[in-house]
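**Student:** Dropping in upload17.pdb, which is PDB, C-alpha atoms, pLDDT in the B column:
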```pdb
ATOM      1  CA  MET N 584      -2.192  21.061  26.457  1.00 71.00           C
ATOM      2  CA  GLU N 585       1.569  20.635  26.048  1.00 80.00           C
ATOM      3  CA  SER N 586       3.311  23.954  25.467  1.00 87.00           C
ATOM      4  CA  LEU N 587       5.823  24.626  22.698  1.00 94.00           C
ATOM      5  CA  LYS N 588       9.313  25.665  23.793  1.00 95.00           C
ATOM      6  CA  PHE N 589      11.818  27.029  21.283  1.00 96.00           C
ATOM      7  CA  THR N 590      15.379  25.826  21.935  1.00 96.00           C
ATOM      8  CA  THR N 591      17.521  27.184  19.061  1.00 96.00           C
ATOM      9  CA  GLU N 592      17.164  29.695  16.234  1.00 95.00           C
ATOM     10  CA  SER N 593      19.108  30.390  13.031  1.00 95.00           C
ATOM     11  CA  SER N 594      18.527  31.836   9.553  1.00 93.00           C
ATOM     12  CA  PHE N 595      19.750  30.739   6.112  1.00 90.00           C
ATOM     13  CA  ASN N 596      18.612  30.819   2.471  1.00 87.00           C
ATOM     14  CA  GLY N 597      15.722  33.143   3.273  1.00 87.00           C
ATOM     15  CA  MET N 598      14.422  30.884   6.056  1.00 93.00           C
ATOM     16  CA  ARG N 599      14.178  31.252   9.809  1.00 94.00           C
ATOM     17  CA  GLU N 600      14.749  27.875  11.500  1.00 96.00           C
ATOM     18  CA  ARG N 601      13.596  27.338  15.071  1.00 96.00           C
ATOM     19  CA  GLU N 602      13.975  24.028  16.857  1.00 97.00           C
ATOM     20  CA  PHE N 603      11.393  23.302  19.538  1.00 97.00           C
ATOM     21  CA  THR N 604       9.986  20.705  21.874  1.00 97.00           C
ATOM     22  CA  VAL N 605       6.367  19.882  22.662  1.00 97.00           C
ATOM     23  CA  GLY N 606       6.581  17.792  25.800  1.00 94.00           C
ATOM     24  CA  GLN N 607       9.263  15.217  25.010  1.00 93.00           C
ATOM     25  CA  VAL N 608       8.846  15.464  21.228  1.00 97.00           C
ATOM     26  CA  PRO N 609      11.535  17.471  19.353  1.00 97.00           C
ATOM     27  CA  GLY N 610      10.665  19.373  16.210  1.00 98.00           C
ATOM     28  CA  VAL N 611      11.679  22.193  13.901  1.00 98.00           C
ATOM     29  CA  LEU N 612       9.701  25.104  12.483  1.00 98.00           C
ATOM     30  CA  TRP N 613      10.826  26.851   9.303  1.00 97.00           C
ATOM     31  CA  SER N 614       9.379  30.271   8.474  1.00 95.00           C
ATOM     32  CA  PRO N 615      10.125  33.148   6.103  1.00 93.00           C
ATOM     33  CA  ALA N 616      13.134  35.083   7.395  1.00 89.00           C
ATOM     34  CA  SER N 617      11.580  38.427   6.535  1.00 79.00           C
ATOM     35  CA  GLY N 618       8.990  38.488   9.314  1.00 66.00           C
ATOM     36  CA  ALA N 619       6.274  36.789  11.306  1.00 60.00           C
ATOM     37  CA  ASP N 620       3.295  37.345   9.006  1.00 73.00           C
ATOM     38  CA  ARG N 621       0.307  35.034   9.219  1.00 86.00           C
ATOM     39  CA  ALA N 622       0.584  32.219   6.680  1.00 90.00           C
ATOM     40  CA  PRO N 623      -0.621  28.640   6.175  1.00 94.00           C
ATOM     41  CA  LEU N 624       1.176  25.763   7.910  1.00 96.00           C
ATOM     42  CA  VAL N 625       2.454  22.600   6.222  1.00 98.00           C
ATOM     43  CA  LEU N 626       3.361  19.582   8.355  1.00 98.00           C
ATOM     44  CA  LEU N 627       6.206  17.422   7.015  1.00 98.00           C
ATOM     45  CA  GLY N 628       6.458  13.720   7.803  1.00 97.00           C
ATOM     46  CA  HIS N 629       9.961  12.304   7.347  1.00 97.00           C
ATOM     47  CA  GLY N 630      10.858   8.894   5.955  1.00 94.00           C
ATOM     48  CA  GLY N 631      11.897   5.760   7.812  1.00 93.00           C
ATOM     49  CA  GLY N 632      15.391   5.864   9.274  1.00 91.00           C
ATOM     50  CA  ASN N 633      15.565   9.640   8.758  1.00 94.00           C
ATOM     51  CA  HIS N 634      14.830  12.612  11.005  1.00 96.00           C
ATOM     52  CA  LYS N 635      13.262  16.071  11.147  1.00 96.00           C
ATOM     53  CA  LYS N 636      16.280  17.882   9.638  1.00 96.00           C
ATOM     54  CA  HIS N 637      17.217  15.286   7.023  1.00 96.00           C
ATOM     55  CA  PRO N 638      18.298  17.048   3.796  1.00 95.00           C
ATOM     56  CA  ALA N 639      15.062  15.948   2.097  1.00 94.00           C
ATOM     57  CA  MET N 640      13.034  17.670   4.826  1.00 95.00           C
ATOM     58  CA  THR N 641      15.115  20.835   4.772  1.00 95.00           C
ATOM     59  CA  GLY N 642      14.946  20.937   0.983  1.00 94.00           C
ATOM     60  CA  ARG N 643      11.166  20.546   0.894  1.00 95.00           C
ATOM     61  CA  ALA N 644      10.818  23.135   3.631  1.00 96.00           C
ATOM     62  CA  GLU N 645      12.933  25.609   1.666  1.00 95.00           C
ATOM     63  CA  LEU N 646      10.708  25.198  -1.408  1.00 94.00           C
ATOM     64  CA  LEU N 647       7.552  25.689   0.673  1.00 95.00           C
ATOM     65  CA  VAL N 648       8.903  28.656   2.644  1.00 94.00           C
ATOM     66  CA  THR N 649      10.666  30.565  -0.106  1.00 91.00           C
ATOM     67  CA  GLY N 650       8.249  29.519  -2.859  1.00 89.00           C
ATOM     68  CA  CYS N 651       4.982  30.242  -1.029  1.00 90.00           C
ATOM     69  CA  GLY N 652       5.775  31.931   2.277  1.00 91.00           C
ATOM     70  CA  PHE N 653       4.415  28.979   4.264  1.00 94.00           C
ATOM     71  CA  HIS N 654       5.377  27.992   7.792  1.00 96.00           C
ATOM     72  CA  VAL N 655       6.636  24.383   7.768  1.00 97.00           C
ATOM     73  CA  ALA N 656       7.029  22.027  10.734  1.00 98.00           C
ATOM     74  CA  CYS N 657       8.525  18.563  11.161  1.00 98.00           C
ATOM     75  CA  ILE N 658       8.878  16.408  14.287  1.00 98.00           C
ATOM     76  CA  ASP N 659      11.042  13.356  14.919  1.00 97.00           C
ATOM     77  CA  ALA N 660       8.978  10.183  14.742  1.00 97.00           C
ATOM     78  CA  PRO N 661       9.241   7.777  17.687  1.00 96.00           C
ATOM     79  CA  GLY N 662      12.646   6.058  17.711  1.00 96.00           C
ATOM     80  CA  HIS N 663      14.065   8.483  15.122  1.00 96.00           C
ATOM     81  CA  GLY N 664      16.322  11.516  15.150  1.00 94.00           C
ATOM     82  CA  ASP N 665      16.876  12.881  18.644  1.00 94.00           C
ATOM     83  CA  ARG N 666      14.487  10.360  20.208  1.00 96.00           C
ATOM     84  CA  PRO N 667      15.744   7.149  21.846  1.00 95.00           C
ATOM     85  CA  ARG N 668      14.938   3.784  20.362  1.00 94.00           C
ATOM     86  CA  ALA N 669      12.760   1.456  22.411  1.00 94.00           C
ATOM     87  CA  ALA N 670      13.370  -2.289  22.564  1.00 97.00           C
ATOM     88  CA  HIS N 671      10.533  -2.725  20.057  1.00 95.00           C
ATOM     89  CA  ASP N 672      12.318  -0.411  17.603  1.00 94.00           C
ATOM     90  CA  GLU N 673      15.552  -2.369  17.928  1.00 95.00           C
ATOM     91  CA  ARG N 674      13.793  -5.693  17.288  1.00 96.00           C
ATOM     92  CA  GLU N 675      11.958  -4.451  14.212  1.00 95.00           C
ATOM     93  CA  ILE N 676      15.041  -2.784  12.731  1.00 94.00           C
ATOM     94  CA  ALA N 677      17.107  -5.915  13.298  1.00 95.00           C
ATOM     95  CA  GLU N 678      14.406  -8.008  11.602  1.00 94.00           C
ATOM     96  CA  LEU N 679      14.343  -5.605   8.648  1.00 93.00           C
ATOM     97  CA  PHE N 680      18.110  -5.825   8.190  1.00 93.00           C
ATOM     98  CA  ARG N 681      17.960  -9.627   8.483  1.00 95.00           C
ATOM     99  CA  ALA N 682      15.279  -9.853   5.772  1.00 93.00           C
ATOM    100  CA  ARG N 683      17.195  -7.460   3.547  1.00 91.00           C
ATOM    101  CA  ALA N 684      20.418  -9.474   3.886  1.00 93.00           C
ATOM    102  CA  ALA N 685      18.538 -12.697   3.128  1.00 94.00           C
ATOM    103  CA  GLY N 686      16.825 -11.225   0.073  1.00 91.00           C
ATOM    104  CA  GLU N 687      13.383 -11.627   1.652  1.00 93.00           C
ATOM    105  CA  PRO N 688      10.520  -9.151   1.128  1.00 91.00           C
ATOM    106  CA  GLU N 689      10.811  -6.104   3.376  1.00 90.00           C
ATOM    107  CA  GLY N 690       7.199  -5.005   2.978  1.00 91.00           C
ATOM    108  CA  PRO N 691       5.540  -7.065   5.734  1.00 93.00           C
ATOM    109  CA  ILE N 692       8.063  -5.838   8.315  1.00 95.00           C
ATOM    110  CA  VAL N 693       7.917  -2.210   7.211  1.00 94.00           C
ATOM    111  CA  VAL N 694       4.103  -2.206   7.167  1.00 95.00           C
ATOM    112  CA  ARG N 695       3.923  -3.721  10.656  1.00 96.00           C
ATOM    113  CA  TYR N 696       6.558  -1.407  12.151  1.00 96.00           C
ATOM    114  CA  ASN N 697       5.163   1.722  10.521  1.00 96.00           C
ATOM    115  CA  ALA N 698       1.675   0.924  11.807  1.00 96.00           C
ATOM    116  CA  HIS N 699       3.094   0.739  15.329  1.00 96.00           C
ATOM    117  CA  LEU N 700       4.886   4.062  14.891  1.00 96.00           C
ATOM    118  CA  ALA N 701       1.716   5.680  13.552  1.00 97.00           C
ATOM    119  CA  GLU N 702      -0.218   4.715  16.679  1.00 97.00           C
ATOM    120  CA  LEU N 703       2.344   6.630  18.729  1.00 97.00           C
ATOM    121  CA  ALA N 704       2.957   9.504  16.331  1.00 98.00           C
ATOM    122  CA  VAL N 705      -0.601  10.599  15.454  1.00 98.00           C
ATOM    123  CA  PRO N 706      -1.406  11.966  18.941  1.00 97.00           C
ATOM    124  CA  GLU N 707       2.049  13.575  19.048  1.00 97.00           C
ATOM    125  CA  TRP N 708       1.350  15.351  15.766  1.00 98.00           C
ATOM    126  CA  GLN N 709      -2.030  16.512  17.046  1.00 97.00           C
ATOM    127  CA  ALA N 710      -0.457  17.908  20.221  1.00 97.00           C
ATOM    128  CA  THR N 711       2.204  19.620  18.100  1.00 98.00           C
ATOM    129  CA  LEU N 712      -0.437  21.150  15.845  1.00 97.00           C
ATOM    130  CA  ASP N 713      -2.322  22.397  18.915  1.00 97.00           C
ATOM    131  CA  ALA N 714       0.853  24.088  20.160  1.00 97.00           C
ATOM    132  CA  LEU N 715       1.858  25.545  16.781  1.00 97.00           C
ATOM    133  CA  GLN N 716      -1.575  27.094  16.319  1.00 96.00           C
ATOM    134  CA  GLU N 717      -1.031  29.033  19.537  1.00 95.00           C
ATOM    135  CA  LEU N 718       1.686  31.019  17.728  1.00 94.00           C
ATOM    136  CA  ALA N 719       0.519  34.412  16.450  1.00 91.00           C
ATOM    137  CA  GLU N 720       2.094  33.847  13.029  1.00 92.00           C
ATOM    138  CA  ILE N 721       0.103  30.620  12.504  1.00 94.00           C
ATOM    139  CA  GLY N 722      -3.115  30.927  14.481  1.00 92.00           C
ATOM    140  CA  ALA N 723      -5.944  28.486  15.081  1.00 92.00           C
ATOM    141  CA  ASP N 724      -7.964  29.442  11.999  1.00 89.00           C
ATOM    142  CA  GLY N 725      -5.303  29.167   9.289  1.00 89.00           C
ATOM    143  CA  PRO N 726      -5.193  26.393   6.660  1.00 93.00           C
ATOM    144  CA  VAL N 727      -3.004  23.345   7.299  1.00 97.00           C
ATOM    145  CA  GLY N 728      -1.475  20.851   4.870  1.00 97.00           C
ATOM    146  CA  TYR N 729       0.409  17.572   5.317  1.00 98.00           C
ATOM    147  CA  PHE N 730       3.306  16.293   3.160  1.00 98.00           C
ATOM    148  CA  GLY N 731       4.810  12.847   3.790  1.00 97.00           C
ATOM    149  CA  ILE N 732       6.225  10.068   1.593  1.00 97.00           C
ATOM    150  CA  ASN N 733       7.045   6.467   2.623  1.00 96.00           C
ATOM    151  CA  MET N 734       6.861   6.344   6.450  1.00 97.00           C
ATOM    152  CA  GLY N 735       5.515   9.883   6.242  1.00 98.00           C
ATOM    153  CA  THR N 736       2.513   8.379   4.443  1.00 98.00           C
ATOM    154  CA  ALA N 737       2.163   5.562   6.985  1.00 98.00           C
ATOM    155  CA  ILE N 738       1.841   8.163   9.736  1.00 98.00           C
ATOM    156  CA  GLY N 739       0.129  10.816   7.635  1.00 98.00           C
ATOM    157  CA  VAL N 740      -2.842   8.794   6.399  1.00 98.00           C
ATOM    158  CA  PRO N 741      -4.176   7.980   9.888  1.00 98.00           C
ATOM    159  CA  LEU N 742      -3.331  11.516  11.012  1.00 98.00           C
ATOM    160  CA  VAL N 743      -5.256  13.142   8.158  1.00 98.00           C
ATOM    161  CA  ALA N 744      -8.144  10.693   8.607  1.00 98.00           C
ATOM    162  CA  ALA N 745      -8.412  11.767  12.258  1.00 97.00           C
ATOM    163  CA  GLU N 746      -7.593  15.470  11.933  1.00 97.00           C
ATOM    164  CA  PRO N 747     -10.161  17.814  10.313  1.00 96.00           C
ATOM    165  CA  ARG N 748      -7.793  20.797  10.528  1.00 97.00           C
ATOM    166  CA  ILE N 749      -5.712  19.351   7.669  1.00 98.00           C
ATOM    167  CA  THR N 750      -7.334  20.346   4.366  1.00 97.00           C
ATOM    168  CA  ALA N 751      -4.854  19.134   1.699  1.00 98.00           C
ATOM    169  CA  ALA N 752      -2.233  16.378   1.668  1.00 98.00           C
ATOM    170  CA  VAL N 753       0.564  14.897  -0.424  1.00 98.00           C
ATOM    171  CA  PHE N 754       1.329  11.198   0.074  1.00 98.00           C
ATOM    172  CA  GLY N 755       3.184   8.445  -1.752  1.00 97.00           C
ATOM    173  CA  GLN N 756       5.149   5.211  -1.870  1.00 97.00           C
ATOM    174  CA  HIS N 757       3.485   2.923   0.638  1.00 97.00           C
ATOM    175  CA  TRP N 758       1.595  -0.345   0.799  1.00 96.00           C
ATOM    176  CA  PRO N 759      -2.207  -0.226   1.258  1.00 96.00           C
ATOM    177  CA  ASP N 760      -2.426  -3.039   3.857  1.00 93.00           C
ATOM    178  CA  VAL N 761      -3.324  -1.112   7.022  1.00 93.00           C
ATOM    179  CA  LEU N 762      -3.916   2.264   5.365  1.00 97.00           C
ATOM    180  CA  ALA N 763      -6.704   1.564   2.857  1.00 97.00           C
ATOM    181  CA  GLU N 764      -9.539   1.624   5.402  1.00 97.00           C
ATOM    182  CA  GLN N 765      -8.281   4.914   6.838  1.00 97.00           C
ATOM    183  CA  ALA N 766      -7.809   6.334   3.333  1.00 98.00           C
ATOM    184  CA  LYS N 767     -11.494   5.678   2.666  1.00 98.00           C
ATOM    185  CA  ARG N 768     -12.300   8.304   5.327  1.00 98.00           C
ATOM    186  CA  ILE N 769     -10.186  10.992   3.632  1.00 98.00           C
ATOM    187  CA  THR N 770     -12.061  13.355   1.312  1.00 98.00           C
ATOM    188  CA  ILE N 771      -9.700  16.339   1.084  1.00 98.00           C
ATOM    189  CA  PRO N 772      -7.630  17.042  -2.073  1.00 98.00           C
ATOM    190  CA  ILE N 773      -4.779  14.546  -2.435  1.00 98.00           C
ATOM    191  CA  GLU N 774      -1.659  14.320  -4.587  1.00 98.00           C
ATOM    192  CA  TYR N 775      -0.063  10.874  -4.624  1.00 98.00           C
ATOM    193  CA  ALA N 776       3.352   9.866  -6.003  1.00 98.00           C
ATOM    194  CA  MET N 777       4.572   6.358  -6.803  1.00 98.00           C
ATOM    195  CA  GLN N 778       7.401   4.683  -8.680  1.00 97.00           C
ATOM    196  CA  TRP N 779       6.233   2.436 -11.517  1.00 97.00           C
ATOM    197  CA  ASP N 780       9.235   0.114 -11.163  1.00 97.00           C
ATOM    198  CA  ASP N 781       9.385   0.094  -7.346  1.00 96.00           C
ATOM    199  CA  GLU N 782      11.240  -3.057  -6.266  1.00 94.00           C
ATOM    200  CA  HIS N 783       9.578  -3.057  -2.825  1.00 93.00           C
ATOM    201  CA  ILE N 784       6.017  -1.819  -3.423  1.00 96.00           C
ATOM    202  CA  PRO N 785       4.295  -3.534  -6.380  1.00 95.00           C
ATOM    203  CA  ARG N 786       2.535  -1.036  -8.636  1.00 95.00           C
ATOM    204  CA  GLU N 787      -0.762  -2.801  -7.916  1.00 97.00           C
ATOM    205  CA  ALA N 788      -0.260  -2.007  -4.231  1.00 97.00           C
ATOM    206  CA  GLY N 789       0.483   1.652  -4.894  1.00 96.00           C
ATOM    207  CA  LEU N 790      -2.534   1.942  -7.170  1.00 98.00           C
ATOM    208  CA  ALA N 791      -4.737   0.247  -4.559  1.00 98.00           C
ATOM    209  CA  LEU N 792      -3.836   2.830  -1.913  1.00 98.00           C
ATOM    210  CA  PHE N 793      -4.437   5.708  -4.324  1.00 98.00           C
ATOM    211  CA  ASP N 794      -7.779   4.201  -5.288  1.00 98.00           C
ATOM    212  CA  ALA N 795      -8.830   3.915  -1.634  1.00 98.00           C
ATOM    213  CA  PHE N 796      -8.854   7.673  -1.003  1.00 98.00           C
ATOM    214  CA  ALA N 797     -12.425   8.972  -1.072  1.00 98.00           C
ATOM    215  CA  SER N 798     -11.331  12.411  -2.287  1.00 98.00           C
ATOM    216  CA  LYS N 799     -13.211  13.878  -5.234  1.00 96.00           C
ATOM    217  CA  GLU N 800      -9.998  15.658  -6.194  1.00 97.00           C
ATOM    218  CA  LYS N 801      -6.989  13.357  -6.210  1.00 97.00           C
ATOM    219  CA  THR N 802      -4.067  13.215  -8.604  1.00 98.00           C
ATOM    220  CA  LEU N 803      -1.712  10.288  -9.262  1.00 98.00           C
ATOM    221  CA  HIS N 804       1.895  10.924 -10.265  1.00 97.00           C
ATOM    222  CA  ALA N 805       3.473   7.674 -11.483  1.00 97.00           C
ATOM    223  CA  ASN N 806       7.134   7.974 -12.466  1.00 97.00           C
ATOM    224  CA  ALA N 807       9.402   5.404 -14.070  1.00 97.00           C
ATOM    225  CA  GLY N 808      12.153   4.196 -11.774  1.00 97.00           C
ATOM    226  CA  LYS N 809      12.875   2.282  -8.601  1.00 96.00           C
ATOM    227  CA  HIS N 810      11.873   3.044  -5.013  1.00 95.00           C
ATOM    228  CA  LYS N 811      14.606   5.581  -4.259  1.00 93.00           C
ATOM    229  CA  GLU N 812      14.417   7.283  -7.663  1.00 96.00           C
ATOM    230  CA  LEU N 813      11.417   9.538  -6.989  1.00 96.00           C
ATOM    231  CA  PRO N 814      12.168  12.615  -9.123  1.00 95.00           C
ATOM    232  CA  ARG N 815      13.046  15.794  -7.278  1.00 91.00           C
ATOM    233  CA  PHE N 816      10.523  17.734  -9.348  1.00 93.00           C
ATOM    234  CA  GLU N 817       7.779  15.972  -7.376  1.00 95.00           C
ATOM    235  CA  ALA N 818       8.666  18.250  -4.430  1.00 94.00           C
ATOM    236  CA  ALA N 819       8.077  21.322  -6.614  1.00 93.00           C
ATOM    237  CA  SER N 820       4.791  19.820  -7.767  1.00 95.00           C
ATOM    238  CA  ALA N 821       3.779  19.408  -4.120  1.00 95.00           C
ATOM    239  CA  VAL N 822       4.495  23.078  -3.471  1.00 95.00           C
ATOM    240  CA  ARG N 823       2.226  24.103  -6.360  1.00 93.00           C
ATOM    241  CA  PHE N 824      -0.446  21.714  -5.032  1.00 95.00           C
ATOM    242  CA  PHE N 825      -0.349  23.316  -1.589  1.00 95.00           C
ATOM    243  CA  ALA N 826      -0.337  26.798  -3.102  1.00 94.00           C
ATOM    244  CA  ARG N 827      -3.598  25.988  -4.908  1.00 93.00           C
ATOM    245  CA  HIS N 828      -5.323  24.473  -1.922  1.00 94.00           C
ATOM    246  CA  LEU N 829      -3.970  26.578   0.940  1.00 92.00           C
ATOM    247  CA  GLY N 830      -4.456  29.885  -0.833  1.00 78.00           C
ATOM    248  CA  ARG N 831      -0.982  31.216  -1.712  1.00 62.00           C
ATOM    249  CA  ALA N 832       0.856  32.179  -4.875  1.00 57.00           C
ATOM    250  CA  ALA N 833       3.781  29.904  -5.747  1.00 56.00           C
ATOM    251  CA  THR N 834       7.218  30.675  -7.164  1.00 65.00           C
ATOM    252  CA  VAL N 835       8.947  27.323  -7.677  1.00 61.00           C
ATOM    253  CA  PRO N 836      10.871  25.581 -10.485  1.00 57.00           C
ATOM    254  CA  ALA N 837       8.743  24.177 -13.309  1.00 54.00           C
TER     255      ALA N 837
END
```
Go through the file and emit its structure as structure tokens.
**Tutor:**
Amino acid sequence: MESLKFTTESSFNGMREREFTVGQVPGVLWSPASGADRAPLVLLGHGGGNHKKHPAMTGRAELLVTGCGFHVACIDAPGHGDRPRAAHDEREIAELFRARAAGEPEGPIVVRYNAHLAELAVPEWQATLDALQELAEIGADGPVGYFGINMGTAIGVPLVAAEPRITAAVFGQHWPDVLAEQAKRITIPIEYAMQWDDEHIPREAGLALFDAFASKEKTLHANAGKHKELPRFEAASAVRFFARHLGRAATVPA
């Protein structure tokens, strides 16, 4: 098993932030600043073109840590953040920019590229989870959640389908093409967010992915607006969702 090595540490806004590596994969662990008490762990999957400490990730982590006392971890996906891009990454990104400039649909390229990244990232996430559960403040028997939108869903759906340690998940904003069959194997509680006027992902596609989850408890949040207009209150809703299913009280904005 790959060991976890902490590389930096800082504290701010009631959070302790520790960057780490597991093998060659860089990540960050946010925890309550007040101590190292045992608490559930939430894994964050970042979006395409972003990284583990993108403001959206730090903001969600702050809500989860200060609102519920969770530990929260995020790793850089292959070709993102502090990880080098492979030739395959460069080709796919160039093709995406070409399609965007030409006004062509981006979906087929994003779906294909994200599926490739998921094949690489799922075992990395599992190795990271193994290493994090060796920490005394997390432990091997504590509940684990997963929270990822966009590319975070593309990686998160196959991860959750393969990983029985994850017992609740928040997904959203992705096409069903390569994910629907994996979603059919997921039975844990799910919260799913989509934009009703998404210019990239037709609402029928978003609804099809939500419908594919085999969970008896699943909730759809459909908001008016375009792809990048997902309301910020959805992050607070996710915190309350994890509080219910991972066994913590929540103090977050309404």
**Student:** Just so the selection is clear, what residues does the PyMOL selection byres ((chain N and resi 725) around 10) cover here, as a ChimeraX atom specification?
**Tutor:** /N:621-624,716,720-724,726-727,748-749,829
**Student:** Show which residues sit within 12 Å of range 601-606 of chain N, as number ranges by chain. Count only C-alpha atoms, and ignore same-chain residues fewer than 2 positions away.
**Tutor:** N: 584-595, 598-599, 608-616, 635-636, 654-659, 665-666, 706-715
**Student:** What is the CA of Arg827 in chain N-CA of Cys651 in chain N distance in Å, reported with one decimal?
**Tutor:** 10.3 Å
**Student:** Go ahead and fit an axis-aligned box to every listed atom of range 803-814 of chain N plus 3 Å each side, and pass me the centre and edge lengths in Å, one decimal, as lines of an AutoDock Vina configuration file.
**Tutor:**
```
center_x = 6.4
center_y = 7.4
center_z = -9.2
size_x = 22.3
size_y = 16.3
size_z = 15.8
```
**Student:** Place a sphere of radius 6 Å on (6.8, 1.9, 6.6) in the file coordinates and name every protein, DNA or RNA residue with an atom inside or on its surface, counting all atoms listed in the file; give the answer as an NGL selection string.
**Tutor:** :N and (693-694 or 697 or 734 or 737)
**Student:** Write out the residues from the selection above, keeping C-alpha atoms, as a PDB file, keeping the file's coordinate frame.
**Tutor:**
```pdb
ATOM      1  CA  VAL N 693       7.917  -2.210   7.211  1.00 94.00           C
ATOM      2  CA  VAL N 694       4.103  -2.206   7.167  1.00 95.00           C
ATOM      3  CA  ASN N 697       5.163   1.722  10.521  1.00 96.00           C
ATOM      4  CA  MET N 734       6.861   6.344   6.450  1.00 97.00           C
ATOM      5  CA  ALA N 737       2.163   5.562   6.985  1.00 98.00           C
TER       6      ALA N 737
END
```
**Student:** Between N:Ala704, N:Ile784, N:Val822, N:Ala644, which is the closest to Pro688 in chain N once you count only C-alpha atoms?
**Tutor:**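 Looking only at the distances to Pro688 in chain N, the closest residue turns out to be N:Ile784.
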**Student:** For the file shown, what are the residues hit by the PyMOL selection byres ((chain N and resi 785-797) around 8), laid out as a ChimeraX atom specification?
**Tutor:** /N:755-759,762-764,766-770,775,777-784,798-799,801,803
**Student:** Hey, what's within 6 Å of Val753 in chain N if we count only C-alpha atoms and toss same-chain stuff fewer than 5 positions away? As a list in words, please?
**Tutor:**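 Result of the neighbour search: Phe730, Ile773, Glu774 and Tyr775 of chain N.
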**Student:** Would you save the residues of that selection, restricted to C-alpha atoms, as a CSV table (one decimal), in the frame of the given file?
**Tutor:**
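Result file is out_4.csv:
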```csv
chain,number,residue,atom,x,y,z
N,730,PHE,CA,3.3,16.3,3.2
N,773,ILE,CA,-4.8,14.5,-2.4
N,774,GLU,CA,-1.7,14.3,-4.6
N,775,TYR,CA,-0.1,10.9,-4.6
```
**Student:** Excluding same-chain residues fewer than 2 positions from Glu689 in chain N, what lies within 10 Å of it counting only C-alpha atoms, as a PyMOL selection string?
**Tutor:** chain N and resi 678-683+686-687+691-694+783-784
**Student:** Apply the PyMOL selection byres ((chain N and resi 633) around 12) to the structure shown and report the selected residues as a PyMOL selection string.
**Tutor:** chain N and resi 628-632+634-641+657-666+732-735
**Student:** Mind pulling up the distance from CA of Ala698 in chain N to CA of Phe653 in chain N?
**Tutor:**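 CA of Ala698 in chain N lies 29.2 Å from CA of Phe653 in chain N.
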**Student:** Enter the distance from CA of Glu675 in chain N to CA of Glu702 in chain N, in Å, rounded to one decimal.
**Tutor:**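 Here the two named atoms are 15.4 Å from each other.
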**Student:** Near Leu646 in chain N, within 8 Å and counting all atoms listed in the file, which residues show up once chain neighbours fewer than 2 positions away are dropped, as number ranges by chain?
**Tutor:** N: 642-644, 648-651, 818-819, 822, 835
**Student:** With C-alpha atoms kept, could you save the residues just selected as a short mmCIF file (atom, residue, chain, number, x, y, z; two decimals), in the coordinates of the input?
**Tutor:**
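Saved the output as again_30.cif:
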```
data_model
loop_
_atom_site.label_atom_id
_atom_site.label_comp_id
_atom_site.auth_asym_id
_atom_site.auth_seq_id
_atom_site.Cartn_x
_atom_site.Cartn_y
_atom_site.Cartn_z
CA GLY N 642 14.95 20.94 0.98
CA ARG N 643 11.17 20.55 0.89
CA ALA N 644 10.82 23.14 3.63
CA VAL N 648 8.90 28.66 2.64
CA THR N 649 10.67 30.56 -0.11
CA GLY N 650 8.25 29.52 -2.86
CA CYS N 651 4.98 30.24 -1.03
CA ALA N 818 8.67 18.25 -4.43
CA ALA N 819 8.08 21.32 -6.61
CA VAL N 822 4.50 23.08 -3.47
CA VAL N 835 8.95 27.32 -7.68
#
```
